[in-house]
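**Student:** Attaching a single structure in structure tokens format; questions to follow.
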Amino acid sequence: MIRWQQLHKWLGLLIGLQLLLWIVTGLLLNMIPSVWFSASMHQQQSASAQATPISLQITVSINDVVRLSHLPLSDIELITILARPAYQLTQVNGQQVFVWADTLQTTTKHQQVLSRVSLTDLQIHQIARASYRGDAKLAPAKALKHDNTMPVGTLMITANDEVDTRIYVNRHSGSVIAHQNNRSDYQQWLLMLHFMDYNSENGVSFNHFWTQIIAVLSLIFIISGIRLLVYQLHQGHFWPIKKRPVTINLYESQQLIAQISAHSGCMLDNINKHANAQQAKGLITECGGGGQCGQCVVLYLSTPPSACEYDIAKLSKRKLALGYRLSCQHIISNADLGLSPQQVSQWYENTSDVNQ
Ligand code: FES
């Protein structure tokens, strides 16, 4: 049972933390206007570099493309990259290749091959500038380190503006992949925490690994909670139905100091209920009846109940043999219980504190 309690406690902490993250990030995402997070704050809506009319210098035909690509193609599209004609080849696996439509390369073996698009840093900079709205200075293009979220060949250009805009341009397609800035980064962080999207390769799926883990842990949390509740009911906690009354006598050094008539519940609850009626605090504990602090220990002067798991964990074998038990873990019975002088002095100390 102790293991169930430990499990329940740590799961509660873990799930509680995630719940707190859900609430805080959900509130922030709702309260902060979405325009504040906008990644396209400085993005030019019409990319003029791409919209320039196509030149008519198309010397590579579609037949040439099919013959020379040696790729399993599902689609071919004629596009422009910086006003120069190019073919966008889509393979059957969805990957895309870009080749110039006005140039064929010749290899050292005098064979003709398609000329793949690979823009210079200056051209990348030109495309980034055309996609940027504002006067800020753009830094030179930088190659990205390994990043699975961007296509191969993507470069980053940063703008010296108030939100540190970053523009991502692909060297092979000439397309602007994305604009991002430090505010959109905050939004990504909040979304990541809110959806537990700790693995960036999840895409937009909610049914990812971490969601499944927290769902399973929540289920175990519920099961352990039910298990503990059943145990507590069995131990006499929260038991609403009254039984025939029993008498609990409390002694200090063989002197009767209290006589309690009880109908239901555990020993500790009834001792403290009686104490509270006398405006005293009773037995002071730290765990509130959880079997963890060991401060509710009493000595059974009459026959003790069998030691439970919590007694065994908190009390020495010698004490168990003498009849010491945790009063929070045992249901009421006709019993004579001995309190330690320290417990009694605390009891009366509290009575006088309250009465003063
Ligand atoms: S109240 Fe803490 S162990 Fe009993």
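Identifiers in the structure tokens: chain A, B, ... in order shown; residue index from 1 per chain; ligand index from 1 in order shown.
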Would you please give, as a count of residues only, all residues of region 52-105 of chain A that DSSP assigns to helix (DSSP H, G or I) based on the backbone?
**Tutor:** 8
**Student:** I'd like the neighbourhood of Ala321 (chain A) as a ChimeraX atom specification, where a residue qualifies if any of its atoms comes within 12 Å (using only C-alpha atoms), though same-chain residues fewer than 4 positions away should be ignored.
**Tutor:** /A:299-301,303-307,311-312,315-317,325
**Student:** Mind listing the residues within 8 Å of ligand 1, only C-alpha atoms and all ligand atoms counted, as an mmCIF file with N, CA and C atoms, in the first residue's frame?
**Tutor:**
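Final output, saved to result-v6.cif:
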data_model
loop_
_atom_site.group_PDB
_atom_site.id
_atom_site.type_symbol
_atom_site.label_atom_id
_atom_site.label_comp_id
_atom_site.auth_asym_id
_atom_site.auth_seq_id
_atom_site.Cartn_x
_atom_site.Cartn_y
_atom_site.Cartn_z
ATOM 1 N N LEU A 268 -7.143 7.789 15.390
ATOM 2 C CA LEU A 268 -6.624 9.159 15.406
ATOM 3 C C LEU A 268 -7.738 10.187 15.243
ATOM 4 N N ILE A 284 -0.676 15.935 17.483
ATOM 5 C CA ILE A 284 -0.205 16.750 16.354
ATOM 6 C C ILE A 284 0.519 15.847 15.369
ATOM 7 N N THR A 285 0.148 15.910 14.105
ATOM 8 C CA THR A 285 0.799 15.078 13.081
ATOM 9 C C THR A 285 1.189 15.956 11.903
ATOM 10 N N GLU A 286 2.052 15.431 11.090
ATOM 11 C CA GLU A 286 2.475 16.189 9.898
ATOM 12 C C GLU A 286 1.819 15.686 8.625
ATOM 13 N N CYS A 287 1.471 14.401 8.609
ATOM 14 C CA CYS A 287 0.964 13.847 7.348
ATOM 15 C C CYS A 287 -0.558 13.778 7.320
ATOM 16 N N GLY A 288 -1.204 14.184 8.411
ATOM 17 C CA GLY A 288 -2.673 14.225 8.423
ATOM 18 C C GLY A 288 -3.329 12.869 8.269
ATOM 19 N N GLY A 289 -2.690 11.836 8.769
ATOM 20 C CA GLY A 289 -3.306 10.508 8.717
ATOM 21 C C GLY A 289 -2.842 9.682 7.531
ATOM 22 N N GLY A 290 -1.746 10.116 6.898
ATOM 23 C CA GLY A 290 -1.268 9.389 5.712
ATOM 24 C C GLY A 290 -0.319 8.249 6.034
ATOM 25 N N GLY A 291 -0.027 8.037 7.311
ATOM 26 C CA GLY A 291 0.862 6.932 7.673
ATOM 27 C C GLY A 291 2.320 7.223 7.376
ATOM 28 N N GLN A 292 2.679 8.497 7.229
ATOM 29 C CA GLN A 292 4.032 8.837 6.821
ATOM 30 C C GLN A 292 4.886 9.475 7.918
ATOM 31 N N CYS A 293 4.272 10.245 8.820
ATOM 32 C CA CYS A 293 5.085 11.016 9.775
ATOM 33 C C CYS A 293 5.426 10.227 11.035
ATOM 34 N N GLY A 294 4.597 9.268 11.404
ATOM 35 C CA GLY A 294 4.864 8.453 12.594
ATOM 36 C C GLY A 294 4.567 9.176 13.901
ATOM 37 N N GLN A 295 3.951 10.358 13.858
ATOM 38 C CA GLN A 295 3.734 11.135 15.083
ATOM 39 C C GLN A 295 2.458 10.744 15.835
ATOM 40 N N CYS A 296 1.626 9.913 15.228
ATOM 41 C CA CYS A 296 0.359 9.549 15.864
ATOM 42 C C CYS A 296 0.476 8.222 16.611
ATOM 43 N N VAL A 297 1.703 7.799 16.850
ATOM 44 C CA VAL A 297 1.907 6.485 17.470
ATOM 45 C C VAL A 297 1.321 6.451 18.883
ATOM 46 N N TYR A 310 2.046 0.116 7.196
ATOM 47 C CA TYR A 310 2.565 1.413 7.637
ATOM 48 C C TYR A 310 3.214 1.300 9.014
ATOM 49 N N LYS A 314 7.205 2.153 9.864
ATOM 50 C CA LYS A 314 7.573 3.281 10.730
ATOM 51 C C LYS A 314 8.091 2.865 12.112
ATOM 52 N N LEU A 326 0.360 2.889 14.777
ATOM 53 C CA LEU A 326 0.013 4.235 14.283
ATOM 54 C C LEU A 326 -1.507 4.381 14.414
ATOM 55 N N SER A 327 -1.938 5.343 15.193
ATOM 56 C CA SER A 327 -3.387 5.436 15.444
ATOM 57 C C SER A 327 -4.164 5.854 14.189
ATOM 58 N N CYS A 328 -3.475 6.427 13.204
ATOM 59 C CA CYS A 328 -4.187 6.828 11.975
ATOM 60 C C CYS A 328 -4.492 5.629 11.085
ATOM 61 N N GLN A 329 -3.871 4.486 11.381
ATOM 62 C CA GLN A 329 -4.009 3.342 10.481
ATOM 63 C C GLN A 329 -4.913 2.244 11.045
#
**Student:** With only C-alpha atoms as the counted atoms, please give the residues lying no more than 10 Å from His8 (chain A), apart from itself and same-chain residues fewer than 6 positions off, as a list of chain:residue names.
**Tutor:**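 Answer for this query is A:Ile2, A:Leu14, A:Leu217, A:Ser218, A:Ile220, A:Phe221, A:Ile222, A:Ile223, A:Ser224, A:Gly225, A:Ile226, A:Arg227, A:Leu228.
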**Student:** Write out as a Markdown table a residue-level contact list of region 172-279 of chain A versus region 155-167 of chain A with cut-off 7 Å: for each qualifying residue the closest pair of atoms and the distance in Å to one decimal, counting only C-alpha atoms, rows sorted by chain and residue number upward.
**Tutor:**
| residue | atom | partner | partner_atom | distance |
| --- | --- | --- | --- | --- |
| A:Ala178 | CA | A:Ile167 | CA | 6.1 |
| A:His179 | CA | A:Ile167 | CA | 4.7 |
| A:Gln180 | CA | A:Arg166 | CA | 5.1 |
| A:Asn181 | CA | A:Thr165 | CA | 4.3 |
| A:Asn182 | CA | A:Val163 | CA | 5.7 |
| A:Arg183 | CA | A:Val163 | CA | 6.8 |
**Student:** Can I get the selected residues back with N, CA and C atoms, as a JSON list (two decimals), in the first residue's frame?
**Tutor:**
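Ended up saving to again_3.json:
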[["chain", "number", "residue", "atom", "x", "y", "z"],
["A", 178, "ALA", "N", 9.96, 30.51, -44.68],
["A", 178, "ALA", "CA", 9.22, 31.08, -43.54],
["A", 178, "ALA", "C", 9.86, 32.37, -43.07],
["A", 179, "HIS", "N", 9.04, 33.17, -42.40],
["A", 179, "HIS", "CA", 9.55, 34.27, -41.59],
["A", 179, "HIS", "C", 9.32, 33.88, -40.13],
["A", 180, "GLN", "N", 10.28, 34.16, -39.29],
["A", 180, "GLN", "CA", 10.10, 33.94, -37.86],
["A", 180, "GLN", "C", 10.74, 35.10, -37.11],
["A", 181, "ASN", "N", 10.35, 35.28, -35.87],
["A", 181, "ASN", "CA", 10.99, 36.32, -35.06],
["A", 181, "ASN", "C", 10.94, 35.91, -33.59],
["A", 182, "ASN", "N", 11.49, 36.75, -32.70],
["A", 182, "ASN", "CA", 11.55, 36.31, -31.31],
["A", 182, "ASN", "C", 10.16, 36.18, -30.67],
["A", 183, "ARG", "N", 9.17, 36.92, -31.17],
["A", 183, "ARG", "CA", 7.82, 36.78, -30.62],
["A", 183, "ARG", "C", 7.17, 35.47, -31.07]]
**Student:** Looking at A:Ile213, A:Met41, A:Trp347, A:Ser302, which one is nearest to Asn272 (chain A), with distances taken over only C-alpha atoms?
**Tutor:** A:Trp347
**Student:** Taking only region 117-159 of chain A into account, list the residues labelled strand (DSSP E) by DSSP (computed from the backbone), as number ranges by chain.
**Tutor:** A: 142-143, 154-158
**Student:** Between CA of Ser184 (chain A) and CA of Ile15 (chain A), what distance in Å does the model show, to one decimal?
**Tutor:**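 Taking CA of Ser184 (chain A) as the start and CA of Ile15 (chain A) as the end point, the length is 27.3 Å.
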**Student:** May I have the residues within 8 Å of His42 (chain A) as a PDB file with C-alpha atoms, in the first residue's frame, using only C-alpha atoms and disregarding those fewer than 4 positions away in the same chain?
**Tutor:**
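So the final result, stored in result.pdb, reads:
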ATOM      1  CA  TYR A 132      10.824  41.763 -46.271  1.00  0.00           C
ATOM      2  CA  ARG A 133       8.751  44.839 -45.504  1.00  0.00           C
ATOM      3  CA  GLY A 134      10.811  47.497 -43.741  1.00  0.00           C
ATOM      4  CA  THR A 165      13.122  38.813 -37.883  1.00  0.00           C
TER       5      THR A 165
END
**Student:** I'd like the neighbourhood of region 84-92 of chain A as a ChimeraX atom specification, where a residue qualifies if any of its atoms comes within 8 Å (using only C-alpha atoms), though same-chain residues fewer than 5 positions away should be ignored.
**Tutor:** /A:54-58,71-79,97-102,117
